[in-house]
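The next block is structure-v8.cif, given as mmCIF, C-alpha atoms and all ligand atoms.
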data_final
#
loop_
_atom_site.label_atom_id
_atom_site.label_comp_id
_atom_site.auth_asym_id
_atom_site.auth_seq_id
_atom_site.Cartn_x
_atom_site.Cartn_y
_atom_site.Cartn_z
CA MET A 94 -100.79 94.01 96.12
CA TRP A 95 -98.14 94.05 93.42
CA ILE A 96 -94.57 95.16 93.95
CA VAL A 97 -92.62 96.27 90.88
CA PRO A 98 -89.01 96.80 91.98
CA GLU A 99 -86.92 99.64 90.56
CA LYS A 100 -84.58 97.17 88.83
CA GLU A 101 -87.45 95.85 86.68
CA ILE A 102 -88.57 99.21 85.29
CA ALA A 103 -85.86 99.54 82.60
CA GLY A 104 -86.92 96.24 81.05
CA LEU A 105 -90.62 97.18 81.10
CA MET A 106 -91.17 100.86 80.29
CA THR A 107 -90.19 102.44 77.02
CA PRO A 108 -90.06 106.18 76.27
CA GLU A 109 -92.94 105.58 73.83
CA ALA A 110 -95.14 104.01 76.54
CA ALA A 111 -94.29 106.90 78.89
CA PHE A 112 -95.16 109.40 76.15
CA ASP A 113 -98.57 107.79 75.57
CA ALA A 114 -99.36 107.68 79.30
CA VAL A 115 -98.36 111.32 79.86
CA GLN A 116 -100.17 112.60 76.78
CA ALA A 117 -103.35 110.79 77.95
CA VAL A 118 -103.11 112.18 81.48
CA PHE A 119 -102.63 115.78 80.27
CA ALA A 120 -105.72 115.34 78.07
CA ALA A 121 -107.74 113.85 80.98
CA MET A 122 -106.79 116.76 83.25
CA ALA A 123 -107.86 119.34 80.70
CA SER A 124 -111.24 117.66 80.32
CA GLY A 125 -111.78 117.68 84.10
CA LYS A 126 -111.42 113.90 84.49
CA ALA A 127 -108.21 114.00 86.49
CA SER A 128 -106.81 116.24 89.19
CA ASN A 129 -103.80 116.54 91.45
CA PHE A 130 -103.74 116.94 95.21
CA PRO A 131 -101.71 119.78 96.76
CA VAL A 132 -98.00 118.99 96.78
CA VAL A 133 -96.25 118.43 100.11
CA ARG A 134 -92.50 119.11 100.07
CA GLU A 135 -90.51 119.58 103.27
CA ALA A 136 -86.89 120.06 104.25
CA ILE A 137 -86.60 117.27 106.84
CA GLY A 138 -83.53 118.70 108.61
CA HIS A 139 -81.49 115.55 107.96
CA GLU A 140 -78.95 114.95 105.15
CA ASP A 141 -80.14 118.26 103.59
CA ALA A 142 -82.99 116.19 102.13
CA LEU A 143 -86.24 117.46 100.66
CA TYR A 144 -89.04 114.92 101.05
CA GLY A 145 -92.66 115.02 100.00
CA PHE A 146 -95.71 113.64 98.23
CA LYS A 147 -97.36 114.26 94.87
CA GLY A 148 -100.72 112.56 94.44
CA GLY A 149 -104.00 112.71 92.64
CA PHE A 150 -106.83 110.84 90.99
CA ASP A 151 -107.40 110.19 87.29
CA ARG A 152 -111.06 109.14 87.08
CA SER A 153 -110.82 108.18 83.41
CA ALA A 154 -107.97 105.72 84.02
CA ARG A 155 -109.00 104.89 87.64
CA ASN A 156 -105.48 105.80 88.82
CA LEU A 157 -105.46 106.85 92.48
CA GLY A 158 -102.35 107.25 94.58
CA LEU A 159 -99.19 109.18 95.26
CA LYS A 160 -95.48 109.36 94.67
CA ALA A 161 -93.44 109.65 97.86
CA GLY A 162 -89.83 110.71 97.72
CA GLY A 163 -87.55 113.63 97.15
CA TYR A 164 -84.00 114.83 96.83
CA TRP A 165 -81.02 113.60 98.83
CA PRO A 166 -78.03 115.73 97.70
CA ASN A 167 -75.43 113.53 99.42
CA ASN A 168 -76.49 110.33 97.71
CA GLN A 169 -73.76 110.49 95.06
CA ARG A 170 -71.24 109.66 97.82
CA ARG A 171 -73.23 106.45 98.33
CA GLU A 172 -73.33 105.79 94.58
CA LEU A 173 -77.07 106.37 94.56
CA ILE A 174 -78.94 108.92 92.45
CA ASN A 175 -80.04 112.06 94.31
CA HIS A 176 -83.74 111.76 93.43
CA GLN A 177 -85.38 108.80 95.19
CA SER A 178 -89.05 107.92 94.93
CA THR A 179 -91.68 105.18 95.09
CA VAL A 180 -95.19 105.28 93.62
CA PHE A 181 -98.13 103.77 95.55
CA LEU A 182 -101.36 102.95 93.70
CA PHE A 183 -104.72 102.32 95.40
CA ASP A 184 -107.95 100.69 94.24
CA ALA A 185 -110.27 103.63 93.55
CA ASP A 186 -113.35 101.53 94.44
CA THR A 187 -112.17 100.18 97.80
CA GLY A 188 -109.13 102.19 98.94
CA ARG A 189 -107.06 99.01 99.19
CA VAL A 190 -103.42 99.39 98.25
CA GLN A 191 -102.80 97.91 94.78
CA ALA A 192 -99.14 98.41 94.00
CA ALA A 193 -95.78 99.80 95.09
CA VAL A 194 -93.59 100.71 92.12
CA GLY A 195 -89.98 101.92 91.96
CA GLY A 196 -90.26 105.55 90.89
CA ASN A 197 -86.73 106.69 89.99
CA LEU A 198 -86.50 105.73 86.32
CA LEU A 199 -90.24 106.36 85.91
CA THR A 200 -89.69 109.97 87.06
CA ALA A 201 -87.02 110.51 84.40
CA LEU A 202 -89.19 108.90 81.71
CA ARG A 203 -92.34 110.82 82.61
CA THR A 204 -90.46 114.14 82.86
CA ALA A 205 -88.86 113.57 79.47
CA ALA A 206 -92.23 112.51 78.06
CA ALA A 207 -93.79 115.78 79.27
CA SER A 208 -91.34 117.98 77.39
CA ALA A 209 -91.59 115.65 74.38
CA VAL A 210 -95.39 116.13 74.38
CA SER A 211 -94.82 119.90 74.44
CA ILE A 212 -92.40 119.67 71.50
CA LYS A 213 -94.87 117.54 69.54
CA TYR A 214 -97.67 120.08 69.96
CA LEU A 215 -95.81 123.41 70.15
CA ALA A 216 -92.47 123.39 68.32
CA ARG A 217 -92.34 124.66 64.76
CA PRO A 218 -92.76 121.77 62.31
CA ASP A 219 -89.45 122.73 60.64
CA ALA A 220 -87.41 122.73 63.90
CA LYS A 221 -83.92 121.42 63.12
CA VAL A 222 -81.61 122.37 66.00
CA LEU A 223 -82.15 121.11 69.55
CA GLY A 224 -80.53 122.89 72.50
CA ILE A 225 -80.20 121.25 75.93
CA VAL A 226 -79.31 123.34 78.99
CA GLY A 227 -78.10 121.15 81.85
CA ALA A 228 -76.24 117.85 81.96
CA GLY A 229 -77.47 116.16 85.11
CA HIS A 230 -79.27 112.84 85.60
CA GLN A 231 -82.44 113.89 83.71
CA SER A 232 -80.69 115.44 80.73
CA THR A 233 -80.09 112.38 78.53
CA TYR A 234 -83.71 111.26 78.96
CA GLN A 235 -84.79 114.74 77.86
CA LEU A 236 -82.51 114.60 74.84
CA ARG A 237 -83.62 111.15 73.65
CA ALA A 238 -87.34 111.91 74.06
CA ALA A 239 -87.03 115.26 72.25
CA LEU A 240 -85.20 113.70 69.30
CA ASP A 241 -88.23 111.49 68.60
CA GLN A 242 -90.49 114.51 68.01
CA ARG A 243 -88.85 116.31 65.07
CA PRO A 244 -86.23 115.37 62.46
CA PHE A 245 -83.54 117.32 64.35
CA GLU A 246 -80.24 117.68 62.49
CA LYS A 247 -77.98 118.94 65.28
CA VAL A 248 -77.74 119.02 69.09
CA LEU A 249 -76.20 121.95 71.01
CA ALA A 250 -75.71 121.84 74.75
CA TRP A 251 -74.54 123.97 77.64
CA ASN A 252 -73.73 123.05 81.21
CA ARG A 253 -72.19 125.07 84.03
CA THR A 254 -69.43 122.44 84.11
CA PRO A 255 -68.90 121.56 80.40
CA GLU A 256 -66.99 118.33 81.16
CA ARG A 257 -70.33 116.79 82.23
CA LEU A 258 -71.68 117.21 78.68
CA LYS A 259 -70.06 113.93 77.60
CA ARG A 260 -73.17 111.93 78.49
CA LEU A 261 -75.27 114.15 76.21
CA GLU A 262 -72.71 113.91 73.41
CA ALA A 263 -72.89 110.10 73.64
CA ALA A 264 -76.72 110.18 73.54
CA ALA A 265 -76.69 112.44 70.43
CA GLN A 266 -74.16 110.16 68.76
CA GLU A 267 -76.42 107.13 69.41
CA LYS A 268 -78.79 108.81 66.92
CA GLY A 269 -75.96 109.77 64.55
CA LEU A 270 -76.40 113.49 65.20
CA PRO A 271 -73.65 116.12 65.37
CA PHE A 272 -73.16 117.53 68.87
CA LYS A 273 -71.54 120.76 70.01
CA SER A 274 -70.77 122.22 73.42
CA VAL A 275 -71.58 125.95 73.13
CA THR A 276 -72.13 129.11 75.16
CA LEU A 277 -75.68 129.90 76.27
CA GLU A 278 -75.74 132.81 73.80
CA GLN A 279 -74.77 130.53 70.88
CA LEU A 280 -77.32 127.93 71.97
CA CYS A 281 -80.16 130.46 72.06
CA GLN A 282 -79.12 132.01 68.72
CA GLN A 283 -79.20 128.68 66.89
CA ALA A 284 -81.63 126.31 68.62
CA ASP A 285 -85.24 126.03 67.43
CA VAL A 286 -86.16 124.03 70.55
CA VAL A 287 -84.49 124.70 73.93
CA VAL A 288 -84.94 122.33 76.88
CA THR A 289 -83.75 123.57 80.29
CA ILE A 290 -83.20 120.89 82.95
CA THR A 291 -81.09 122.31 85.78
CA SER A 292 -81.38 122.95 89.52
CA SER A 293 -80.69 126.65 89.08
CA PHE A 294 -82.11 129.21 91.52
CA SER A 295 -81.38 132.22 89.29
CA PRO A 296 -82.08 132.88 85.61
CA MET A 297 -79.39 131.44 83.33
CA ILE A 298 -81.08 132.60 80.11
CA ALA A 299 -81.21 136.39 80.08
CA GLU A 300 -83.88 138.65 78.62
CA GLY A 301 -83.63 138.99 74.85
CA LEU A 302 -81.62 135.80 74.27
CA ILE A 303 -84.53 133.65 73.05
CA ARG A 304 -85.29 134.17 69.34
CA PRO A 305 -88.81 134.53 67.91
CA GLY A 306 -90.19 131.13 66.88
CA THR A 307 -88.34 129.19 69.58
CA HIS A 308 -90.06 126.52 71.63
CA LEU A 309 -88.72 126.53 75.17
CA ALA A 310 -89.41 123.61 77.52
CA CYS A 311 -88.50 124.69 81.08
CA MET A 312 -88.30 121.43 83.01
CA GLY A 313 -85.92 122.08 85.93
CA THR A 314 -88.06 124.43 88.03
CA ASP A 315 -90.28 122.29 90.24
CA THR A 316 -89.92 124.07 93.59
CA ARG A 317 -90.52 127.54 94.97
CA GLY A 318 -87.44 129.70 94.34
CA LYS A 319 -85.93 127.74 91.44
CA GLN A 320 -85.56 129.66 88.17
CA GLU A 321 -83.98 128.99 84.78
CA VAL A 322 -84.97 131.88 82.50
CA ALA A 323 -85.55 135.63 82.90
CA PRO A 324 -89.16 136.46 83.86
CA GLU A 325 -89.31 138.82 80.84
CA ILE A 326 -88.88 135.77 78.56
CA VAL A 327 -91.82 134.06 80.26
CA ALA A 328 -93.89 137.25 79.92
CA ALA A 329 -93.05 137.52 76.20
CA SER A 330 -94.01 133.89 75.50
CA THR A 331 -97.28 132.04 75.15
CA VAL A 332 -97.06 129.90 78.28
CA PHE A 333 -98.35 126.31 78.40
CA THR A 334 -98.13 124.02 81.40
CA ASP A 335 -99.06 120.67 82.90
CA GLU A 336 -101.02 122.39 85.72
CA VAL A 337 -101.67 126.11 86.07
CA ALA A 338 -101.78 126.05 89.90
CA GLN A 339 -98.31 124.48 90.05
CA SER A 340 -96.98 126.71 87.28
CA THR A 341 -97.69 129.90 89.27
CA THR A 342 -96.44 128.52 92.58
CA ILE A 343 -93.56 126.07 91.97
CA GLY A 344 -92.99 126.28 88.20
CA GLU A 345 -90.92 128.56 85.99
CA ALA A 346 -93.86 130.98 85.69
CA GLN A 347 -93.88 131.63 89.48
CA HIS A 348 -91.50 134.61 89.06
CA ALA A 349 -93.26 136.35 86.14
CA PHE A 350 -96.58 135.68 87.88
CA GLY A 351 -95.31 137.01 91.23
CA MET A 352 -93.96 140.17 89.57
CA GLY A 353 -97.31 140.81 87.86
CA LEU A 354 -95.84 140.24 84.38
CA LEU A 355 -98.06 137.23 83.66
CA ASP A 356 -101.71 136.58 84.38
CA ALA A 357 -102.63 133.03 85.52
CA ALA A 358 -105.58 133.14 83.09
CA ALA A 359 -103.11 133.50 80.20
CA ILE A 360 -101.39 130.18 81.03
CA VAL A 361 -102.73 127.37 78.84
CA PRO A 362 -102.99 123.77 80.07
CA ILE A 363 -101.17 121.66 77.46
CA GLY A 364 -104.13 119.25 77.59
CA ASP A 365 -106.25 121.93 75.91
CA VAL A 366 -103.95 121.75 72.90
CA ILE A 367 -104.03 117.92 72.90
CA ASN A 368 -107.85 118.05 73.11
CA LYS A 369 -107.94 120.65 70.30
CA GLU A 370 -109.52 123.24 72.59
CA HIS A 371 -106.57 125.56 71.96
CA PRO A 372 -104.64 125.92 68.68
CA GLY A 373 -101.20 125.79 70.37
CA ARG A 374 -98.58 127.67 68.32
CA ARG A 375 -100.27 130.36 66.23
CA SER A 376 -97.37 131.63 64.13
CA ALA A 377 -93.80 130.83 63.14
CA GLU A 378 -92.67 133.91 65.12
CA GLU A 379 -94.39 133.09 68.41
CA ILE A 380 -92.24 132.00 71.36
CA THR A 381 -93.95 129.05 73.05
CA LEU A 382 -92.86 128.11 76.57
CA PHE A 383 -93.84 124.88 78.30
CA ASP A 384 -93.61 125.11 82.10
CA GLY A 385 -93.22 121.45 83.08
CA THR A 386 -93.69 121.37 86.84
CA GLY A 387 -94.18 117.62 87.29
CA ILE A 388 -97.59 116.45 88.49
CA GLY A 389 -98.68 113.52 90.64
CA ILE A 390 -101.09 111.95 88.18
CA GLN A 391 -98.29 111.84 85.61
CA ASP A 392 -96.43 109.54 88.04
CA LEU A 393 -99.54 107.44 88.60
CA ALA A 394 -100.05 107.06 84.85
CA VAL A 395 -96.56 105.70 84.14
CA ALA A 396 -96.59 103.55 87.30
CA SER A 397 -99.93 102.02 86.31
CA ALA A 398 -98.59 101.24 82.83
CA ALA A 399 -95.50 99.65 84.44
CA VAL A 400 -97.66 97.47 86.72
CA ASP A 401 -99.73 96.24 83.74
CA LEU A 402 -96.57 95.35 81.82
CA ALA A 403 -94.92 93.73 84.87
CA VAL A 404 -97.96 91.57 85.66
CA ALA A 405 -98.34 90.53 82.00
CA ARG A 406 -94.66 89.54 81.80
CA GLY A 407 -94.41 87.88 85.23
CA ARG A 408 -92.04 90.56 86.58
CA ALA A 409 -94.28 91.79 89.44
CA VAL A 410 -94.13 90.29 92.96
CA GLU A 411 -97.51 89.62 94.61
CA VAL A 412 -97.84 90.02 98.40
CA GLU A 413 -100.87 89.68 100.69
CA MET A 414 -101.75 92.85 102.64
P1 LIG B 501 -78.83 116.69 88.82
O1 LIG B 501 -78.51 117.04 90.23
O2 LIG B 501 -78.41 115.37 88.28
O3 LIG B 501 -78.23 117.81 87.83
C1 LIG B 501 -78.40 119.18 88.09
C2 LIG B 501 -78.06 120.00 86.87
O4 LIG B 501 -78.31 121.38 87.17
C3 LIG B 501 -76.60 119.92 86.44
O5 LIG B 501 -76.53 120.03 85.03
C4 LIG B 501 -75.98 121.17 87.09
O6 LIG B 501 -74.83 121.63 86.42
C5 LIG B 501 -77.13 122.14 86.92
N1 LIG B 501 -77.11 123.27 87.86
C6 LIG B 501 -77.24 123.21 89.20
N2 LIG B 501 -77.20 124.46 89.72
C7 LIG B 501 -77.04 125.30 88.66
C8 LIG B 501 -76.94 126.72 88.55
N3 LIG B 501 -76.98 127.50 89.63
N4 LIG B 501 -76.79 127.24 87.32
C9 LIG B 501 -76.75 126.46 86.23
N5 LIG B 501 -76.85 125.11 86.27
C10 LIG B 501 -76.99 124.56 87.49
O7 LIG B 501 -80.40 116.91 88.66
P2 LIG B 501 -81.40 116.21 87.66
O8 LIG B 501 -81.90 114.95 88.26
O9 LIG B 501 -80.83 116.17 86.29
O10 LIG B 501 -82.61 117.27 87.73
C11 LIG B 501 -82.46 118.55 87.16
C12 LIG B 501 -83.59 119.43 87.65
O11 LIG B 501 -84.84 118.93 87.18
C13 LIG B 501 -83.72 119.50 89.17
O12 LIG B 501 -84.00 120.84 89.53
C14 LIG B 501 -84.92 118.62 89.48
O13 LIG B 501 -85.58 118.98 90.67
C15 LIG B 501 -85.77 118.91 88.25
N6 LIG B 501 -86.78 117.90 87.95
C16 LIG B 501 -87.97 118.35 87.47
C17 LIG B 501 -88.96 117.45 87.17
C18 LIG B 501 -90.25 117.94 86.60
O14 LIG B 501 -91.21 117.16 86.49
N7 LIG B 501 -90.34 119.16 86.18
C19 LIG B 501 -88.75 116.07 87.37
C20 LIG B 501 -87.52 115.64 87.83
C21 LIG B 501 -86.51 116.57 88.12
#

Step by step, read the file and then write its structure as structure tokens.
Ligand code: NAD
Amino acid sequence: MWIVPEKEIAGLMTPEAAFDAVQAVFAAMASGKASNFPVVREAIGHEDALYGFKGGFDRSARNLGLKAGGYWPNNQRRELINHQSTVFLFDADTGRVQAAVGGNLLTALRTAAASAVSIKYLARPDAKVLGIVGAGHQSTYQLRAALDQRPFEKVLAWNRTPERLKRLEAAAQEKGLPFKSVTLEQLCQQADVVVTITSSFSPMIAEGLIRPGTHLACMGTDTRGKQEVAPEIVAASTVFTDEVAQSTTIGEAQHAFGMGLLDAAAIVPIGDVINKEHPGRRSAEEITLFDGTGIGIQDLAVASAAVDLAVARGRAVEVEM
């Protein structure tokens, strides 16, 4: 089997390679060639950690496996990031383990790639102002990936603790774009694309704040109980997602769905838009909302791409099992 250590990933995977892998996996899912297994996520009663598995099988790419890991809130004290994960790939023909791949940076890249795919297919072509809500570990990856999808002219951002916005300001400046720390109201009034990437458990964006024509990528809600926007906003939007079953149970749509404001049948898999089975945005006034819940086969896709690159460049370690 191959081992691709976490420290090698930065030198191997680019945001562009992650985008291609994620776009392909969304398309494969929508055409019935790839599916996810039910997510396991448990509070382990130690270090306040949440640990679990996301797995699946992409028949078209022959990617079989799982990502194991979770959230350790006390890791910052140890100078480690809170999200820790490893991806395991298996040979779909024999069941033999093929690879173990560091999953931390890959998670950030694949999550950013998912919202970037949604911006590519759903944001208005003339979108000029990007709004980012949240300034944690994932936020700069989200910002950089979004900026590749439209000729944005300005970045606005909001975080509960505004002093943490400096990392986003630096990322916007890398691209020569003006950056402004604003209130949530100002952000929603001006942004054409809004990306939310927080750990909030109550809606930060209230009903009525999102303007017609906005594309909203809700990326933070990946667990039962989390919530970033008012359920009325979800109900008033055309909702797209990576996987409908996750969207209604652990995604942003879980609340609108649970309150009876949104029918599961109305939620569109983003792969349908990629495969041209659904038109995506239908008017300049429509609010489109991407519920990015994070799916196992997305992890397998980027891990498999990383293994190919690592083997080709002599950066993978081979061990006998
Ligand atoms: P982080 O811990 O580094 O940062 C958390 C962010 O959330 C900070 O900006 C913090 O200010 C904000 N926040 C926390 N509680 C809040 C509240 N009550 N109100 C407003 N803001 C609040 O986390 P991260 O690694 O940047 O991840 C952000 C979120 O994205 C997490 O919820 C994580 O589980 C989720 N995530 C989703 C996917 C996916 O595929 N959808 C993948 C990875 C992470």

Could the residues of chain A that have an atom at most 9 Å from ligand LIG 501 (chain B) be listed as a Markdown table, each with its closest atom pair and the distance in Å to one decimal, counting all atoms listed in the file and ordered by chain and ascending residue number?
| residue | atom | partner | partner_atom | distance |
| --- | --- | --- | --- | --- |
| A:Gly163 | CA | B:LIG501 | O13 | 8.6 |
| A:Tyr164 | CA | B:LIG501 | O13 | 7.6 |
| A:Pro166 | CA | B:LIG501 | O1 | 7.6 |
| A:Ile174 | CA | B:LIG501 | O2 | 7.7 |
| A:Asn175 | CA | B:LIG501 | O1 | 6.6 |
| A:His176 | CA | B:LIG501 | O8 | 6.3 |
| A:Thr200 | CA | B:LIG501 | C20 | 6.1 |
| A:Ala201 | CA | B:LIG501 | C20 | 6.2 |
| A:Arg203 | CA | B:LIG501 | O14 | 7.5 |
| A:Thr204 | CA | B:LIG501 | O14 | 4.8 |
| A:Ala205 | CA | B:LIG501 | O14 | 8.2 |
| A:Ala207 | CA | B:LIG501 | O14 | 7.8 |
| A:Ser208 | CA | B:LIG501 | N7 | 8.9 |
| A:Val226 | CA | B:LIG501 | O5 | 7.4 |
| A:Gly227 | CA | B:LIG501 | O5 | 3.7 |
| A:Ala228 | CA | B:LIG501 | O5 | 3.8 |
| A:Gly229 | CA | B:LIG501 | O3 | 3.3 |
| A:His230 | CA | B:LIG501 | O9 | 3.7 |
| A:Gln231 | CA | B:LIG501 | O9 | 3.8 |
| A:Ser232 | CA | B:LIG501 | O9 | 5.6 |
| A:Thr233 | CA | B:LIG501 | O9 | 8.7 |
| A:Trp251 | CA | B:LIG501 | O5 | 8.6 |
| A:Asn252 | CA | B:LIG501 | O6 | 5.5 |
| A:Arg253 | CA | B:LIG501 | O6 | 5.0 |
| A:Thr254 | CA | B:LIG501 | O6 | 5.9 |
| A:Pro255 | CA | B:LIG501 | O6 | 8.5 |
| A:Arg257 | CA | B:LIG501 | O5 | 7.5 |
| A:Leu258 | CA | B:LIG501 | O5 | 8.5 |
| A:Thr289 | CA | B:LIG501 | O11 | 8.4 |
| A:Ile290 | CA | B:LIG501 | C11 | 4.9 |
| A:Thr291 | CA | B:LIG501 | O4 | 3.2 |
| A:Ser292 | CA | B:LIG501 | O12 | 3.4 |
| A:Ser293 | CA | B:LIG501 | C8 | 3.8 |
| A:Phe294 | CA | B:LIG501 | N3 | 5.7 |
| A:Ser295 | CA | B:LIG501 | N3 | 6.5 |
| A:Pro296 | CA | B:LIG501 | N4 | 7.9 |
| A:Met297 | CA | B:LIG501 | C9 | 6.3 |
| A:Cys311 | CA | B:LIG501 | N7 | 7.7 |
| A:Met312 | CA | B:LIG501 | N7 | 4.4 |
| A:Gly313 | CA | B:LIG501 | O11 | 3.6 |
| A:Thr314 | CA | B:LIG501 | O12 | 5.6 |
| A:Asp315 | CA | B:LIG501 | N7 | 5.1 |
| A:Thr316 | CA | B:LIG501 | O13 | 7.3 |
| A:Lys319 | CA | B:LIG501 | O12 | 7.4 |
| A:Gln320 | CA | B:LIG501 | N3 | 9.0 |
| A:Glu321 | CA | B:LIG501 | C9 | 7.8 |
| A:Gly344 | CA | B:LIG501 | N7 | 7.9 |
| A:Asp384 | CA | B:LIG501 | N7 | 7.9 |
| A:Gly385 | CA | B:LIG501 | N7 | 4.8 |
| A:Thr386 | CA | B:LIG501 | N7 | 4.1 |
| A:Gly387 | CA | B:LIG501 | O14 | 3.1 |
| A:Ile388 | CA | B:LIG501 | O14 | 6.7 |
| A:Gln391 | CA | B:LIG501 | O14 | 8.9 |

Determine, counting all atoms listed in the file, every residue of protein, DNA or RNA that lies within 7 Å of (-72.4, 116.5, 73.6) in the file coordinates, then give the result as a PyMOL selection string. chain A and resi 250+258-263+265+272-274

At a cut-off of 7 Å, using all atoms listed in the file, what residues contact A:Leu202? Leave out same-chain residues fewer than 3 positions from it and give the result as a list in words. Pro108, Ala111, Leu198, Leu199, Ala205, Ala206 and Tyr234 of chain A

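Minimum atom-to-atom distance to A:Ala209, evaluated using only C-alpha atoms, belongs to A:Arg243 out of A:Arg317, A:Arg152, A:Arg243, A:Arg134.
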
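Nearest to A:Glu135 of all the residues A:Glu378, A:Gln347, A:Pro305, A:Gly162 is A:Gly162, counting all atoms listed in the file.
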
When you count only C-alpha atoms, which of these residues is closest to A:Thr331: A:Ala161, A:Ala185, A:Val287, A:Leu355? A:Leu355

Got a sec: who's within 10 Å of A:Asp365, counting only C-alpha atoms, leaving out chain neighbours fewer than 6 positions off, as number ranges by chain? A: 119-124, 333, 371-373

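Pairwise distance (atom CA of A:Gly353, atom CA of A:Leu382) equals 17.6 Å.
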
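Pairwise distance (atom CA of A:Gly364, atom CA of A:Leu309) equals 17.2 Å.
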
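Take the candidates A:Leu280, A:Leu393, A:Ile212, A:Ala299 and check each one against A:Lys147 using all atoms listed in the file; the shortest distance goes to A:Leu393.
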
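Coordinates place atom CA of A:Asp219 at a distance of 10.5 Å from atom CA of A:Gly306.
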
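Here the question is which of A:Ala284, A:Glu411, A:Asp241, A:Glu101 gets nearest to A:Ala220 using all atoms listed in the file, and that residue is A:Ala284.
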
Counting all atoms listed in the file, what is within 8 Å of stretch 244-246 of chain A, bar same-chain residues fewer than 6 positions away, as an NGL selection string? :A and (220-223 or 270-271)

Hey, what's within 7 Å of A:Ala346 if we count all atoms listed in the file and toss same-chain stuff fewer than 5 positions away? As a list in words, please? Val327, Ser340, Thr341 and Asp384 of chain A

Restricting the output to C-alpha atoms, write the selected residues as a PDB file, in the frame of the given file.
ATOM      1  CA  VAL A 327     -91.820 134.060  80.260  1.00  0.00           C
ATOM      2  CA  SER A 340     -96.980 126.710  87.280  1.00  0.00           C
ATOM      3  CA  THR A 341     -97.690 129.900  89.270  1.00  0.00           C
ATOM      4  CA  ASP A 384     -93.610 125.110  82.100  1.00  0.00           C
TER       5      ASP A 384
END

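Among A:Gly125, A:Gly407, A:Pro98, A:Pro131, the residue with the shortest atom-to-atom distance to A:Asp151, counting all atoms listed in the file, is A:Gly125.
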
Residue list as a list in words for point (-82.8, 128.8, 72.4), cut-off 8 Å, all atoms listed in the file: Gly224, Leu280, Cys281, Gln282, Gln283, Ala284, Asp285, Val286, Val287, Leu302, Ile303, Arg304, Thr307, His308 and Leu309 of chain A
